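Below: one structure, written as structure tokens.
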There are 2 protein chains.
Amino acid sequence: MRLTVIKVGGNIIDDSAKLSAFLKEFVLLDGVKILVHGGGKIATEIGKKLGIEPSYVNGRRITDRETLDLVTMVYGGLINKNIVAELQSLNCNAIGLTGADGGILPAMKRPVKDIDYGFVGDINSDSVNKNVLTHFLKMGLIPVIAPLSYSTDGYMLNTNADTIAQEIAKALSHEWDVQLIYCFEKKGVLVDPDNDNTVIANITAKGFEELKENGIVSGGMIPKLENALEAINSGVKKVIIGHADDLTALYAENAGTCIL
Amino acid sequence: MRLTVIKVGGNIIDDSAKLSAFLKEFVLLDGVKILVHGGGKIATEIGKKLGIEPSYVNGRRITDRETLDLVTMVYGGLINKNIVAELQSLNCNAIGLTGADGGILPAMKRPVKDIDYGFVGDINSDSVNKNVLTHFLKMGLIPVIAPLSYSTDGYMLNTNADTIAQEIAKALSHEWDVQLIYCFEKKGVLVDPDNDNTVIANITAKGFEELKENGIVSGGMIPKLENALEAINSGVKKVIIGHADDLTALYAENAGTCIL
């Protein structure tokens, strides 16, 4: 059976009109689905008002205790519950979850090597609680997952939404035909990053190596595609990368870049 | 089958040592259970930092838009998820829920009569989504419910935790033998409010009328007991009122006041 895991990022979360349009398309997609959402600037704005300054070590963002409380509130409370309430109004029986709820995403607090990232959780697909998630899906509930995991020592952890979407997709690919859709601010992987009409429709592992060598794919797109290919190798059927405005077309594979 | 619905208030939530002790007792209680938690002062403190002043009309607290966002963050995010993570560390598979999650507590935004309470939700046991809650309980999940409901028009609402505990207890009393425990800062209903050794062990409807006439029960205790009696009339087997420190004894009916 088909399962679609969709990740939507902060740029949509921060714009309530765009988010509403996105959710209206989301509810119309056929079949079983899971939404994973990112954070957005609202956490930074609320953090500023609370006097919490983002802290960085060697250019990497650190989740200190105060920041953990902030993201637990904003991601797990404000953003997650407002999305759920809006989906409920669209007759979509959503259930908002963090990784702690139902024990779905136990994580390891990232070990300190060069940098102490603080309260950041590393997850992997083997420890995803597939049983609970599958139960929810079979009940007809639509999980809406905030970018938070937890330590079995009893505290929350901050985890990247892309990673959560990927590990859940991998974990559930044993039972479902999983399609993983990453919505971001571009139309897909572009030959010319400034031209939305140059979307590369399909990328294979071999094609990716060529695109890297030619310098067409660079920067932040490299780890994104590496992760997508790794998901495919782990059993995910398709990974589609494209613009949140095109959700219906991405779902139908009429837009974005498809990694096979 | 027995189901215990336990409400714990802000005075425990605000004290992390007391909360931990309470949760350790909670996980040891036999059988199927639901925890409903209140808000606590932490929302007011965070609100102050954010420049959100509590607003009152005729002495009644109003939930304006800003306050709604605040309680959604703090009750539904910070407090709820920290409780869930702590329960997970105690091998209790908790799931944090607001009324919007799984559509468990649809509410009516309180109609404006003399006072516009703002984003406050009135709920009743008939509209509680028993099906979803029962499913969770049968999966072995322990619902941890924040004092928030939602409007089917797509937004969150603020709802009193006592009311949520009561309406859920009533709704589930058709299928379960429900015991409802209210934890608060007193040992129970006291003959002498300043003496914890004067707990009234049992109160019936008839006894309640006498206690009111004698002036032994007054003030905020009157609606608390009226609600308890109403719950009993609606099918709840027992309502027990007592101190959060005594949870194990309350559960065993060796402490607190039992309303029958």
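Just so we're on the same page: first chain in the structure tokens is A, next is B, and so on; residues restart at 1 for each chain, and ligands are numbered from 1 in the order they show up.
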For Leu180 of chain B: contacts at 10 Å, only C-alpha atoms, fewer than 3 positions along chain excluded, given as a count of residues only: 26
Exercise answer, chain B residues close to chain A, 7 Å and only C-alpha atoms, as a PyMOL selection string: chain B and resi 49-50+69+72-74+76-78+82+84-86+88-89+93-96+100-103+141+150+152-156
Distance query Gly256 of chain B at most 6 Å, only C-alpha atoms, self and fewer than 4 positions along chain excluded, as a list in words: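 Close residues of Gly256 of chain B: Lys187, Gly188, Ile241, Gly242 and Leu250 of chain B.
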I need the residues from that last selection saved to file as a PDB file, in the first residue's frame (with N, CA and C atoms), if you can.
```
ATOM      1  N   LYS B 187      -5.534  18.213  51.340  1.00  0.00           N
ATOM      2  CA  LYS B 187      -5.613  16.763  51.551  1.00  0.00           C
ATOM      3  C   LYS B 187      -6.979  16.182  51.133  1.00  0.00           C
ATOM      4  N   GLY B 188      -7.939  17.070  50.917  1.00  0.00           N
ATOM      5  CA  GLY B 188      -9.289  16.633  50.553  1.00  0.00           C
ATOM      6  C   GLY B 188     -10.253  17.755  50.933  1.00  0.00           C
ATOM      7  N   ILE B 241     -10.984  13.487  45.611  1.00  0.00           N
ATOM      8  CA  ILE B 241     -10.316  14.791  45.642  1.00  0.00           C
ATOM      9  C   ILE B 241      -9.270  14.750  46.746  1.00  0.00           C
ATOM     10  N   GLY B 242      -8.028  15.071  46.408  1.00  0.00           N
ATOM     11  CA  GLY B 242      -7.012  15.043  47.445  1.00  0.00           C
ATOM     12  C   GLY B 242      -5.709  15.658  46.984  1.00  0.00           C
ATOM     13  N   LEU B 250      -4.621   7.987  47.206  1.00  0.00           N
ATOM     14  CA  LEU B 250      -5.895   8.427  46.611  1.00  0.00           C
ATOM     15  C   LEU B 250      -6.440   7.328  45.707  1.00  0.00           C
TER      16      LEU B 250
END
```
Expected answer as a ChimeraX atom specification: helix (DSSP H, G or I) residues in segment 172-251 of chain A: /A:172,205-213,221-233,244-251
Contact residues around Thr163 of chain A with only C-alpha atoms at 10 Å, ignoring same-chain residues under 3 positions, as a ChimeraX atom specification: /A:7,36,122-125,147,159-160,166-169,224,227
Output N, CA, C and O atoms of each residue in that selection to a file, as a PDB file, in the first residue's frame.
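Produced file selection_0.pdb, reproduced below:
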```
ATOM      1  N   LYS A   7       7.526  16.475   3.714  1.00  0.00           N
ATOM      2  CA  LYS A   7       8.184  17.420   4.601  1.00  0.00           C
ATOM      3  C   LYS A   7       7.979  18.831   4.068  1.00  0.00           C
ATOM      4  O   LYS A   7       8.222  19.099   2.894  1.00  0.00           O
ATOM      5  N   VAL A  36       5.533  16.076   7.963  1.00  0.00           N
ATOM      6  CA  VAL A  36       6.603  16.471   8.889  1.00  0.00           C
ATOM      7  C   VAL A  36       6.867  17.950   8.627  1.00  0.00           C
ATOM      8  O   VAL A  36       7.050  18.346   7.482  1.00  0.00           O
ATOM      9  N   ASP A 122      20.096  12.572  17.525  1.00  0.00           N
ATOM     10  CA  ASP A 122      20.345  11.797  16.303  1.00  0.00           C
ATOM     11  C   ASP A 122      19.434  10.577  16.318  1.00  0.00           C
ATOM     12  O   ASP A 122      19.405   9.831  17.295  1.00  0.00           O
ATOM     13  N   ILE A 123      18.712  10.410  15.239  1.00  0.00           N
ATOM     14  CA  ILE A 123      17.770   9.289  15.163  1.00  0.00           C
ATOM     15  C   ILE A 123      18.190   8.367  14.039  1.00  0.00           C
ATOM     16  O   ILE A 123      18.954   8.757  13.159  1.00  0.00           O
ATOM     17  N   ASN A 124      17.694   7.150  14.064  1.00  0.00           N
ATOM     18  CA  ASN A 124      17.861   6.306  12.883  1.00  0.00           C
ATOM     19  C   ASN A 124      16.627   5.438  12.704  1.00  0.00           C
ATOM     20  O   ASN A 124      15.864   5.206  13.650  1.00  0.00           O
ATOM     21  N   SER A 125      16.461   4.992  11.461  1.00  0.00           N
ATOM     22  CA  SER A 125      15.210   4.332  11.092  1.00  0.00           C
ATOM     23  C   SER A 125      14.960   3.063  11.903  1.00  0.00           C
ATOM     24  O   SER A 125      13.808   2.691  12.132  1.00  0.00           O
ATOM     25  N   PRO A 147       9.636  18.773  14.492  1.00  0.00           N
ATOM     26  CA  PRO A 147      11.051  18.382  14.420  1.00  0.00           C
ATOM     27  C   PRO A 147      11.700  18.237  15.798  1.00  0.00           C
ATOM     28  O   PRO A 147      12.626  18.964  16.148  1.00  0.00           O
ATOM     29  N   THR A 159      15.661  17.914  16.541  1.00  0.00           N
ATOM     30  CA  THR A 159      16.114  17.102  15.403  1.00  0.00           C
ATOM     31  C   THR A 159      15.602  17.714  14.106  1.00  0.00           C
ATOM     32  O   THR A 159      14.452  18.143  14.019  1.00  0.00           O
ATOM     33  N   ASN A 160      16.472  17.760  13.130  1.00  0.00           N
ATOM     34  CA  ASN A 160      16.168  18.320  11.817  1.00  0.00           C
ATOM     35  C   ASN A 160      14.957  17.623  11.158  1.00  0.00           C
ATOM     36  O   ASN A 160      14.856  16.391  11.162  1.00  0.00           O
ATOM     37  N   GLN A 166      13.020  11.548   6.529  1.00  0.00           N
ATOM     38  CA  GLN A 166      13.772  10.471   5.887  1.00  0.00           C
ATOM     39  C   GLN A 166      13.780   9.183   6.712  1.00  0.00           C
ATOM     40  O   GLN A 166      13.535   8.089   6.172  1.00  0.00           O
ATOM     41  N   GLU A 167      14.026   9.298   8.014  1.00  0.00           N
ATOM     42  CA  GLU A 167      14.128   8.086   8.838  1.00  0.00           C
ATOM     43  C   GLU A 167      12.758   7.414   8.990  1.00  0.00           C
ATOM     44  O   GLU A 167      12.659   6.188   9.024  1.00  0.00           O
ATOM     45  N   ILE A 168      11.707   8.229   9.071  1.00  0.00           N
ATOM     46  CA  ILE A 168      10.357   7.648   9.130  1.00  0.00           C
ATOM     47  C   ILE A 168      10.031   6.945   7.811  1.00  0.00           C
ATOM     48  O   ILE A 168       9.488   5.832   7.792  1.00  0.00           O
ATOM     49  N   ALA A 169      10.362   7.603   6.700  1.00  0.00           N
ATOM     50  CA  ALA A 169      10.098   6.999   5.387  1.00  0.00           C
ATOM     51  C   ALA A 169      10.815   5.657   5.266  1.00  0.00           C
ATOM     52  O   ALA A 169      10.230   4.656   4.820  1.00  0.00           O
ATOM     53  N   LYS A 224      21.440  16.916   0.460  1.00  0.00           N
ATOM     54  CA  LYS A 224      20.017  16.621   0.235  1.00  0.00           C
ATOM     55  C   LYS A 224      19.866  15.428  -0.699  1.00  0.00           C
ATOM     56  O   LYS A 224      19.075  14.511  -0.433  1.00  0.00           O
ATOM     57  N   ASN A 227      21.195  12.156   0.816  1.00  0.00           N
ATOM     58  CA  ASN A 227      20.195  11.585   1.728  1.00  0.00           C
ATOM     59  C   ASN A 227      19.068  10.915   0.950  1.00  0.00           C
ATOM     60  O   ASN A 227      18.585   9.852   1.334  1.00  0.00           O
TER      61      ASN A 227
END
```
